[in-house]
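Trainee: Pasting a structure here, questions to come.
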Amino acid sequence: MSEATSTGATKKREPLSIVGGRSGFEPRYIKDHLAKYIVWTGGLGVIGALLLIFVYLASEVAPLFGDADVRARKTMKLPGDQGETLFLAAEEQGEVGMRVSKTGQVVFFDLFTGHARQTLSLPIDGKTLTSVYPIDHDKGLLAAGLNDGSVLIFQHRYKQAYPNDVRVITAELSYPRGEQPLVFASGPISHLAVRDNGDALMIVGSETEGSIQIKRFEQATSLFGDVTVTELPVQILVPEINPDILLLNPLLQWLYVIDQPAGKIALYQLKGDGPPQLIDVQEVGAEISKASYLAGGISIIATQADGRVTQWFPARKGSGEQYLARVREFRVPGDTPATAIGVETRRRGFAVGDSAGWVTMFYATSGARVHRERIFDHAVARIVFNPRAQLRLALSVDGDLSVSDVHNEHPEVSFKALWSKVWYESYDQPDYIWQSSSASADFEPKFSLMPLSFGTLKAAFYAMLFAVPLAIMGAIFTANFMSPSMRQAVKPTVELMEALPTVILGFLAGLWLAPFVETNLLGVFLTLLLLPLSLPLFGYLWLRMPRSIRLRVPAGWEAALIIPVIASVVWFCFLVAPPMEALIFAGNMQAWMDHTLGIGYDQRNALVVGIAMGIAVIPTIYSIAEDAIFSVPKHLSLGSLALGATPWQTLIGVVLPTASPGIFSAVMIGMGRAVGETMIVLMATGNTAVMDPSLFQGLRTLSANIAVEVPESEVGSTHFRLLFLAGMVLFVFTFAFNTLAEIVRQRLRRKFASL
Amino acid sequence: MQDARSVRAYMKSGQPYVWLTAGAIAASIIITVALLLLTMARGVAHFWPADLVLASYQAPHAQAQPVLAEFRSSEEVTSARLKNAGLPVDEAQDFYERILLKIGNRDLGGVDFRYVISDWLVDRSTPADAVVWERLEWGNLHGFLQSVQFDGRTIEGDEAWERYRQAQKRASALRHKIERIEKKEIGRINYQMEQLRLSERRLEIDGLSRADVPEPYLALDARRQELDQSYALLSEERARLYRALGRDSLIARTASGQEVSMPLSKLVTGYRPNDMNLLDKVLHWFGKLWEFVSEDPREANTEGGIFPAIFGTVMMVLLMSVFVTPFGILAALYLREYAKQGAVTRAIRIAVNNLAGVPSIVYGMFGLGFFVYFLGGNLDRLFYPEAGPAPVFGTPGILWSSLTLALLTLPVVIVATEEGLARIPRSVREASLALGATKAETLWRVVLPMASPAMMTGLILAIARAAGEVAPLMLVGVVKLAPSLALDGNAPFLHLDRKFMHLGFHIYDVGFQSPNVEAARPLVYATSFLLVLVIILLNMTAISIRNRLRERYRALEH
């Protein structure tokens, strides 16, 4: 009542628009405005939230494709004595650097100021160092060759403490093999390689020009923890080529001998007792300036005088013969000769410094050039990364040390690495592989999206193969031939199936259908073959039936009539299948396929997924297609029938062409659903990331891969972001499919309205 | 003129294709019904007490083994396959019937399921005194009751069974009491202790040390002492109950004659299926059904009930409804009533529509990355520094699950509500405005009440979708086994940070990640059936509301 009077009162003052053109102070209008703003903010907020999904996914994915960011921290003079620098390193946090000089002095210095923090000396009694070889970067284990031919093993380690919540790092040196150098040669060693595989330490070096000495120190730990070291006699190897650089792998199996001027690499296999065996000699085509192992100790990289960098590792040819494979090639722009290589210690990244002072960073697996900058005016002598690869040291020939912070999180990702064949370490040829993690820290992650995309499309393809004919033919019958009363019951029943949780379909597919198909494979095939044939046959028999029987079934109820026919055909197929299997396939069809056709059989395979996911998408396709066919204006089909066309001709000639955009959109939406479906594929495929189009092999889809791997992936890592990329691919793919379908559908609706 | 009934005329008329299309729709219907029947039959049969068959398994060239087992399923297998599996079959015979037996006694034989060849299973009988004991561990025990240790006396013979039933009732009652003390009362004390620890930690973080401001610390200490005391009392009570529970035991004889001593504290129930009449079996069936929906799972979820999963699903769906209803309706109101109807609105409408088709796992990733790691992580930093480094909201939980599913089901609610709004005749709105009502009043008094069944439909469809969705939940909060429910008697009663169990995930987990899939399978069928039932009921409700609504407006339009 009060509202009515207040309206009456305002009416006298001025004319007003009821719908809110007026701003009064009456509570009614305030409420009206309030409601408007609430709905506006709420509505736009919700739509914004939905938009946020896309924005968020994009923001998680974007860093994958960002470039490396390198910022110069400081350029300093190296602290310590004037002797030649033989080794440089930086610890994990990027605070403390270490330098080993020819005189045996070890200086730990601050990487922010360049001041020496601790200066220590190796216990070498006035002898000098000839070279330092890193045995194990991660443990900080080093081997120093002395000028009397002996080898000292030492280790640099860093301890962190947090007094008063401030990080303090202290460095220390230790001597795991004792302070006494190991006796190896009688004079200075020109090239040295030392590795320790836990059971044995091996020293390889060249004392006299053209020959190599190999010495093993076996070490056995008894039950009580006593360590006994046995020195094995020195082996002499005279290699095919002149040894300028020696590289030994961490497991003490492979020895690379490199002849720099000749540009040749020889690969030797080391056996426990026997003499080293030459596997292969390869010519690189130019002079080799530097060579080094990459992290993981499987492949080596060599820089050539013509500005190329090549990666090599042992592989097998098709015939089983081992050879040294030239895996990939990188190019330093400008083709200037390289003067230094620095390798990352935990990833397959490396940097090359050249004679013009440029430093170029590469990533081996992705074959990508990550970053390039000019640091010095003259040649680069050394490049070193700290273990986290967040700090890079570059030393120039005249002793300037440039310290840079590196932000290079995702070098593994490049378009090529994701979508084309990549030759991974220990593989014999390039391949598409998805293998995101393993137990070993030396593992090279394999991030090819091809097997997953292939699996996704394979599962969707077989599902559509099963679902599209059933759903569309079913829709045709329901919309065109079925009696209205039956349609009212049938349509909701099929649509109800859409609400069936996919986890139940997946469970039935994995635990009921898969074993069932495995034991009744022939029966399943017989059904798929005989069922479509038997129906027209039944139709003909029905035509020949006496009129009295035929007239009992009203028009439009044929589908009900045919249910028992289908049931009996299926029953017949499964009845005759076992004797047929016994007769034709010796009782076991899978074994027969395997032996005769060479087709392997997985219990959880594409056939099972095709059926299960087909069942999941039938209702989607059916419902939309039925709507499209049913809403074709009746006067079109009636006109056709009146002109003497049979119902089938009318359907093919008039109804389907008119409804075809709607059917197309139904298939698109069904496809979108099949591509993104997770639970069914997770439960019914075995989740093996193989690229095999066979109907009887498993697969792994993008969505199942996300469900399996996201919970255990490290937040912010390349793997995590790649999974988000997979999610975004799914999002964009389904969204685009659905939008296309929706636009087609709306246009069709307008067309029908105008008819 | 050609005979209309000749083969050629038949082919030409296009009728074969019509029959094919009829076959397609019939096949779809058959598949739907068969799926429902399959889940129902397998799920419901699980609770029926199957007969125990005593037989001798006599494989060729092997010693006869006595078995006492339930028949689970049987199938015809070609002898080639059996030979492949290493069985000494006679290849002259093409087929064998293979039976899956539940032999129980996993602690004695290592396995509780076994495939046997029907032909080799001889001397079958169903002795009336064969007993199935359900145990807390190691699955069922199949055997015969030898004697009962009842209150210090050994009872054998006919009286033993009666005595055992009495003793079992007493033991079960005691065990329930112990469970209540352990879960409820001791759980409460533990919860409060943890709260005290957090309060203390909070004080420290706020810079109030024990030396400077002792009062709050003393209050906490006093409270802690109180809790310690009541804990001591409870554990004494518990120890007393355990002693009482340990009083009785029984000796069972298995089919192979082995004698097994079993304390009654380890047994859930025992029954003689062969001795039951139909009424007994029906009662037993209902009892098992009740146990299934009301009890906690046992033995890595392969036995017992699924109550926590039902509870978790309901809780999550209710929370989700709280989020999705207002926002979905607001968005629909905006799109239909307030936004200018143009190309932009149409584009938004299509986009919203299509979000329903985006794979649910994508929503799960978004929920994990945005809600859990970003929102939750920041909430923890701001409001729960005392709990660190353990996350409170920065880890998957029921709040994030329901928010994620709310986002997932928003399009459903928006589309349904919009449809309802669009169906309201213009005349009704115009009449209200003409009478002087403001737009808000028209909406509130006229439009929304008329659209409410549509909103209801949307909400029900959203609930049905959410109840069956599993993939996103695997990322944002569902677990195999939740130690405590999200709603309990400890203030603040509703624990939004807790993880929860879910029917759909339970199916996946028990069916695929369980150590004993064969034992768990019937339970998974039962769970599936329950889930299907709930979802079908919800959908049918939504459909019937929608149909009734259509009828109503059809009347209005004329």
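Simple scheme: letters A, B, ... for chains in structure tokens order, numbers from 1 for residues in each chain, numbers from 1 for ligands in the order shown.
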Residues of segment 28-220 of chain B classed as alpha helix (DSSP H) by DSSP on the backbone are to be reported as a PyMOL selection string.
Mentor: chain B and resi 28-45+79-84+106-109+158-180+187-205+214-220
Trainee: Residues near Val39 of chain A, anyone? I mean within 9 Å using only C-alpha atoms, not counting same-chain ones fewer than 5 positions away, as a list in words.
Mentor: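 Everything that qualifies: Leu34 and Leu44 of chain A; Leu330, Ala331, Leu333, Tyr334 and Tyr338 of chain B.
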Trainee: May I ask you to extract the residues of chain B within 6 Å of chain A, using only C-alpha atoms, and to give them as a VMD selection string?
Mentor: chain B and resid 14 16 19 to 22 24 to 26 78 80 to 81 330 to 331 334 354 358 to 359 362 438 to 440 468
Trainee: Identify, on the basis of only C-alpha atoms, every residue whose closest approach to Ile189 of chain B does not exceed 12 Å; exclude the query and any residue fewer than 5 positions from it along the same chain; express the result as an mmCIF file with C-alpha atoms, in the first residue's frame.
Mentor:
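Output below, filename around-v5.cif:
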data_model
loop_
_atom_site.group_PDB
_atom_site.id
_atom_site.type_symbol
_atom_site.label_atom_id
_atom_site.label_comp_id
_atom_site.auth_asym_id
_atom_site.auth_seq_id
_atom_site.Cartn_x
_atom_site.Cartn_y
_atom_site.Cartn_z
ATOM 1 C CA ILE B 181 35.385 -43.977 21.976
ATOM 2 C CA GLU B 182 38.284 -44.113 19.546
ATOM 3 C CA LYS B 183 36.759 -42.220 16.695
ATOM 4 C CA LYS B 184 34.528 -39.737 18.416
ATOM 5 C CA GLU B 194 45.973 -29.746 17.792
ATOM 6 C CA GLN B 195 43.996 -26.521 18.127
ATOM 7 C CA LEU B 196 45.905 -25.738 21.337
ATOM 8 C CA ARG B 223 43.299 -26.625 29.051
ATOM 9 C CA ARG B 224 45.889 -29.105 27.871
ATOM 10 C CA GLN B 225 46.098 -30.658 31.293
ATOM 11 C CA GLU B 226 42.336 -31.029 31.341
ATOM 12 C CA LEU B 227 42.434 -32.773 28.001
ATOM 13 C CA ASP B 228 45.248 -35.039 29.153
ATOM 14 C CA GLN B 229 43.168 -36.081 32.113
ATOM 15 C CA SER B 230 40.085 -36.886 30.120
ATOM 16 C CA TYR B 231 42.283 -38.746 27.659
ATOM 17 C CA ALA B 232 43.695 -40.844 30.493
ATOM 18 C CA LEU B 233 40.158 -41.681 31.620
ATOM 19 C CA LEU B 234 39.085 -42.616 28.122
ATOM 20 C CA SER B 235 42.058 -44.794 27.456
ATOM 21 C CA GLY B 489 31.060 -32.513 16.242
ATOM 22 C CA ASN B 490 34.202 -30.427 16.666
ATOM 23 C CA ALA B 491 33.781 -26.658 16.439
#
Trainee: Can you tell me how far atom CA of Tyr10 of chain B sits from atom CA of Ile31 of chain B, in Å to one decimal?
Mentor: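 We find that atom CA of Tyr10 of chain B and atom CA of Ile31 of chain B lie 29.0 Å from each other.
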Trainee: For Glu259 of chain B, which residue out of B:Leu141, B:Ala482, B:Ala464, B:Val111 is the nearest one, using only C-alpha atoms?
Mentor: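 That would be B:Leu141, the residue with the smallest distance to Glu259 of chain B.
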Trainee: If you measure from atom CA of Leu255 of chain A to atom CA of Tyr293 of chain A, what distance in Å do you get, rounded to one decimal?
Mentor: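 Atom CA of Leu255 of chain A sits 11.1 Å away from atom CA of Tyr293 of chain A.
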Trainee: For Ile375 of chain A, work out the shell of residues within 7 Å, counting only C-alpha atoms and skipping chain neighbours fewer than 4 positions away, then give it as a list in words.
Mentor: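 Contacts, with the query itself left out: Gly357, Trp358 and Val359 of chain A.
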Trainee: Which residues are close to Leu549 of chain B, i.e. within 12 Å by only C-alpha atoms, leaving aside same-chain residues fewer than 2 positions away? Reply as a ChimeraX atom specification.
Mentor: /B:419-421,423-424,450-457,542-547,551-556
Trainee: Can you spit out the residues from that selection as a PDB file, in the first residue's frame, using N, CA and C atoms?
Mentor:
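Saved to again.pdb:
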ATOM      1  N   GLU B 419      16.589 -20.408 -20.207  1.00  0.00           N
ATOM      2  CA  GLU B 419      15.484 -20.998 -20.949  1.00  0.00           C
ATOM      3  C   GLU B 419      14.166 -20.712 -20.238  1.00  0.00           C
ATOM      4  N   GLY B 420      14.198 -20.839 -18.905  1.00  0.00           N
ATOM      5  CA  GLY B 420      13.001 -20.554 -18.116  1.00  0.00           C
ATOM      6  C   GLY B 420      12.587 -19.100 -18.260  1.00  0.00           C
ATOM      7  N   LEU B 421      13.545 -18.214 -18.220  1.00  0.00           N
ATOM      8  CA  LEU B 421      13.232 -16.787 -18.336  1.00  0.00           C
ATOM      9  C   LEU B 421      12.647 -16.480 -19.710  1.00  0.00           C
ATOM     10  N   ARG B 423      10.942 -18.368 -21.550  1.00  0.00           N
ATOM     11  CA  ARG B 423       9.613 -18.928 -21.748  1.00  0.00           C
ATOM     12  C   ARG B 423       8.510 -18.082 -21.135  1.00  0.00           C
ATOM     13  N   ILE B 424       8.893 -17.198 -20.227  1.00  0.00           N
ATOM     14  CA  ILE B 424       7.853 -16.391 -19.578  1.00  0.00           C
ATOM     15  C   ILE B 424       7.307 -15.384 -20.588  1.00  0.00           C
ATOM     16  N   MET B 450       7.993 -17.345 -11.421  1.00  0.00           N
ATOM     17  CA  MET B 450       7.562 -18.155 -12.561  1.00  0.00           C
ATOM     18  C   MET B 450       8.722 -18.970 -13.102  1.00  0.00           C
ATOM     19  N   ALA B 451       9.923 -18.457 -12.976  1.00  0.00           N
ATOM     20  CA  ALA B 451      11.081 -19.170 -13.525  1.00  0.00           C
ATOM     21  C   ALA B 451      11.666 -20.165 -12.525  1.00  0.00           C
ATOM     22  N   SER B 452      11.127 -20.168 -11.321  1.00  0.00           N
ATOM     23  CA  SER B 452      11.786 -20.998 -10.308  1.00  0.00           C
ATOM     24  C   SER B 452      11.840 -22.490 -10.666  1.00  0.00           C
ATOM     25  N   PRO B 453      10.789 -23.056 -11.299  1.00  0.00           N
ATOM     26  CA  PRO B 453      10.955 -24.472 -11.665  1.00  0.00           C
ATOM     27  C   PRO B 453      12.107 -24.678 -12.640  1.00  0.00           C
ATOM     28  N   ALA B 454      12.325 -23.703 -13.515  1.00  0.00           N
ATOM     29  CA  ALA B 454      13.439 -23.845 -14.461  1.00  0.00           C
ATOM     30  C   ALA B 454      14.769 -23.817 -13.726  1.00  0.00           C
ATOM     31  N   MET B 455      14.845 -22.926 -12.734  1.00  0.00           N
ATOM     32  CA  MET B 455      16.084 -22.876 -11.955  1.00  0.00           C
ATOM     33  C   MET B 455      16.305 -24.192 -11.227  1.00  0.00           C
ATOM     34  N   MET B 456      15.203 -24.698 -10.703  1.00  0.00           N
ATOM     35  CA  MET B 456      15.249 -25.981 -10.008  1.00  0.00           C
ATOM     36  C   MET B 456      15.790 -27.051 -10.958  1.00  0.00           C
ATOM     37  N   THR B 457      15.252 -27.072 -12.174  1.00  0.00           N
ATOM     38  CA  THR B 457      15.709 -28.045 -13.161  1.00  0.00           C
ATOM     39  C   THR B 457      17.211 -27.894 -13.378  1.00  0.00           C
ATOM     40  N   ALA B 542      14.303 -33.784 -12.766  1.00  0.00           N
ATOM     41  CA  ALA B 542      14.510 -32.571 -13.563  1.00  0.00           C
ATOM     42  C   ALA B 542      13.655 -32.604 -14.817  1.00  0.00           C
ATOM     43  N   ILE B 543      13.615 -33.770 -15.468  1.00  0.00           N
ATOM     44  CA  ILE B 543      12.852 -33.859 -16.717  1.00  0.00           C
ATOM     45  C   ILE B 543      11.363 -33.649 -16.445  1.00  0.00           C
ATOM     46  N   SER B 544      10.879 -34.245 -15.354  1.00  0.00           N
ATOM     47  CA  SER B 544       9.445 -34.123 -15.105  1.00  0.00           C
ATOM     48  C   SER B 544       9.093 -32.686 -14.728  1.00  0.00           C
ATOM     49  N   ILE B 545       9.988 -32.020 -13.971  1.00  0.00           N
ATOM     50  CA  ILE B 545       9.721 -30.610 -13.662  1.00  0.00           C
ATOM     51  C   ILE B 545       9.672 -29.793 -14.945  1.00  0.00           C
ATOM     52  N   ARG B 546      10.621 -30.076 -15.833  1.00  0.00           N
ATOM     53  CA  ARG B 546      10.680 -29.309 -17.071  1.00  0.00           C
ATOM     54  C   ARG B 546       9.417 -29.522 -17.907  1.00  0.00           C
ATOM     55  N   ASN B 547       8.977 -30.782 -17.971  1.00  0.00           N
ATOM     56  CA  ASN B 547       7.784 -31.061 -18.771  1.00  0.00           C
ATOM     57  C   ASN B 547       6.562 -30.363 -18.205  1.00  0.00           C
ATOM     58  N   GLU B 551       4.094 -27.440 -19.952  1.00  0.00           N
ATOM     59  CA  GLU B 551       2.638 -27.511 -20.043  1.00  0.00           C
ATOM     60  C   GLU B 551       2.038 -26.220 -19.516  1.00  0.00           C
ATOM     61  N   ARG B 552       2.588 -25.754 -18.369  1.00  0.00           N
ATOM     62  CA  ARG B 552       2.010 -24.590 -17.728  1.00  0.00           C
ATOM     63  C   ARG B 552       2.087 -23.367 -18.644  1.00  0.00           C
ATOM     64  N   TYR B 553       3.262 -23.177 -19.270  1.00  0.00           N
ATOM     65  CA  TYR B 553       3.391 -21.978 -20.090  1.00  0.00           C
ATOM     66  C   TYR B 553       2.642 -22.110 -21.386  1.00  0.00           C
ATOM     67  N   ARG B 554       2.496 -23.328 -21.843  1.00  0.00           N
ATOM     68  CA  ARG B 554       1.717 -23.514 -23.056  1.00  0.00           C
ATOM     69  C   ARG B 554       0.316 -22.978 -22.813  1.00  0.00           C
ATOM     70  N   ALA B 555      -0.202 -23.233 -21.593  1.00  0.00           N
ATOM     71  CA  ALA B 555      -1.531 -22.742 -21.238  1.00  0.00           C
ATOM     72  C   ALA B 555      -1.517 -21.213 -21.191  1.00  0.00           C
ATOM     73  N   LEU B 556      -0.433 -20.637 -20.679  1.00  0.00           N
ATOM     74  CA  LEU B 556      -0.369 -19.183 -20.548  1.00  0.00           C
ATOM     75  C   LEU B 556      -0.340 -18.482 -21.897  1.00  0.00           C
TER      76      LEU B 556
END
Trainee: When you look at segment 122-130 of chain A with a cut-off of 6 Å (counting only C-alpha atoms), what residues show up, excluding the ones that are within fewer than 3 positions of it in the same chain? I need them as a PyMOL selection string.
Mentor: chain A and resi 102-104+145-147
Trainee: Could you work out how far atom CA of Phe574 of chain A lies from atom CA of Asp94 of chain B, giving the answer in Å with one decimal?
Mentor: 15.6 Å
Trainee: With only C-alpha atoms as the counted atoms, please give the residues lying no more than 9 Å from His506 of chain B, apart from itself and same-chain residues fewer than 2 positions off, as an MDAnalysis selection string.
Mentor: chainID B and resid 301 306 309 479:480 501:504 508:511 524 527
Trainee: Selected residues, N, CA and C atoms, written as a short mmCIF file (atom, residue, chain, number, x, y, z; two decimals), in the first residue's frame, please.
Mentor:
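To be explicit, this is the file written out as out_24.cif:
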data_model
loop_
_atom_site.label_atom_id
_atom_site.label_comp_id
_atom_site.auth_asym_id
_atom_site.auth_seq_id
_atom_site.Cartn_x
_atom_site.Cartn_y
_atom_site.Cartn_z
N ASN B 301 39.18 -50.71 1.61
CA ASN B 301 37.94 -50.42 0.90
C ASN B 301 37.32 -51.62 0.19
N ILE B 306 30.16 -47.95 2.49
CA ILE B 306 30.69 -46.80 1.76
C ILE B 306 30.12 -45.51 2.34
N ALA B 309 31.89 -42.23 1.67
CA ALA B 309 31.84 -41.79 0.27
C ALA B 309 30.49 -41.15 -0.04
N VAL B 479 40.03 -38.29 -2.01
CA VAL B 479 41.05 -39.25 -1.58
C VAL B 479 40.42 -40.63 -1.44
N LYS B 480 41.29 -41.61 -1.39
CA LYS B 480 40.91 -43.01 -1.18
C LYS B 480 40.18 -43.19 0.13
N MET B 501 35.82 -38.31 0.60
CA MET B 501 35.66 -39.48 -0.27
C MET B 501 34.46 -39.25 -1.16
N HIS B 502 34.47 -39.89 -2.33
CA HIS B 502 33.43 -39.61 -3.32
C HIS B 502 33.05 -40.94 -3.98
N LEU B 503 31.75 -41.10 -4.25
CA LEU B 503 31.28 -42.38 -4.80
C LEU B 503 31.97 -42.71 -6.12
N GLY B 504 32.03 -41.72 -7.01
CA GLY B 504 32.62 -41.97 -8.32
C GLY B 504 34.09 -42.35 -8.21
N TYR B 508 36.40 -45.86 -9.14
CA TYR B 508 37.67 -45.91 -9.86
C TYR B 508 38.75 -46.53 -8.99
N ASP B 509 38.82 -46.05 -7.77
CA ASP B 509 39.92 -46.45 -6.89
C ASP B 509 39.82 -47.93 -6.50
N VAL B 510 38.64 -48.34 -6.06
CA VAL B 510 38.50 -49.73 -5.62
C VAL B 510 38.59 -50.68 -6.81
N GLY B 511 38.01 -50.23 -7.94
CA GLY B 511 38.01 -51.11 -9.10
C GLY B 511 39.38 -51.24 -9.74
N VAL B 524 32.10 -52.72 -6.00
CA VAL B 524 32.13 -51.64 -6.97
C VAL B 524 30.83 -51.63 -7.77
N THR B 527 28.29 -50.05 -5.58
CA THR B 527 28.48 -48.60 -5.52
C THR B 527 28.01 -47.96 -6.82
#
Trainee: Compare B:Ser79, B:Thr313, B:Asn539, B:Ser249 by their minimum atom-to-atom distance to Ser261 of chain B, counting only C-alpha atoms, and give me the closest one.
Mentor: B:Ser249
Trainee: Taking only C-alpha atoms into account, which of B:Ala390, B:Ala300, B:Ser147, B:Glu91 comes nearest Ala520 of chain B?
Mentor: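 Looking at the shortest contact to Ala520 of chain B, the residue is B:Ala300.
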Trainee: Can you work out which one of A:Asn164, A:Leu247, A:Leu88, A:Tyr175 has the shortest atom-to-atom distance to Ala193 of chain A, counting only C-alpha atoms?
Mentor: A:Leu247
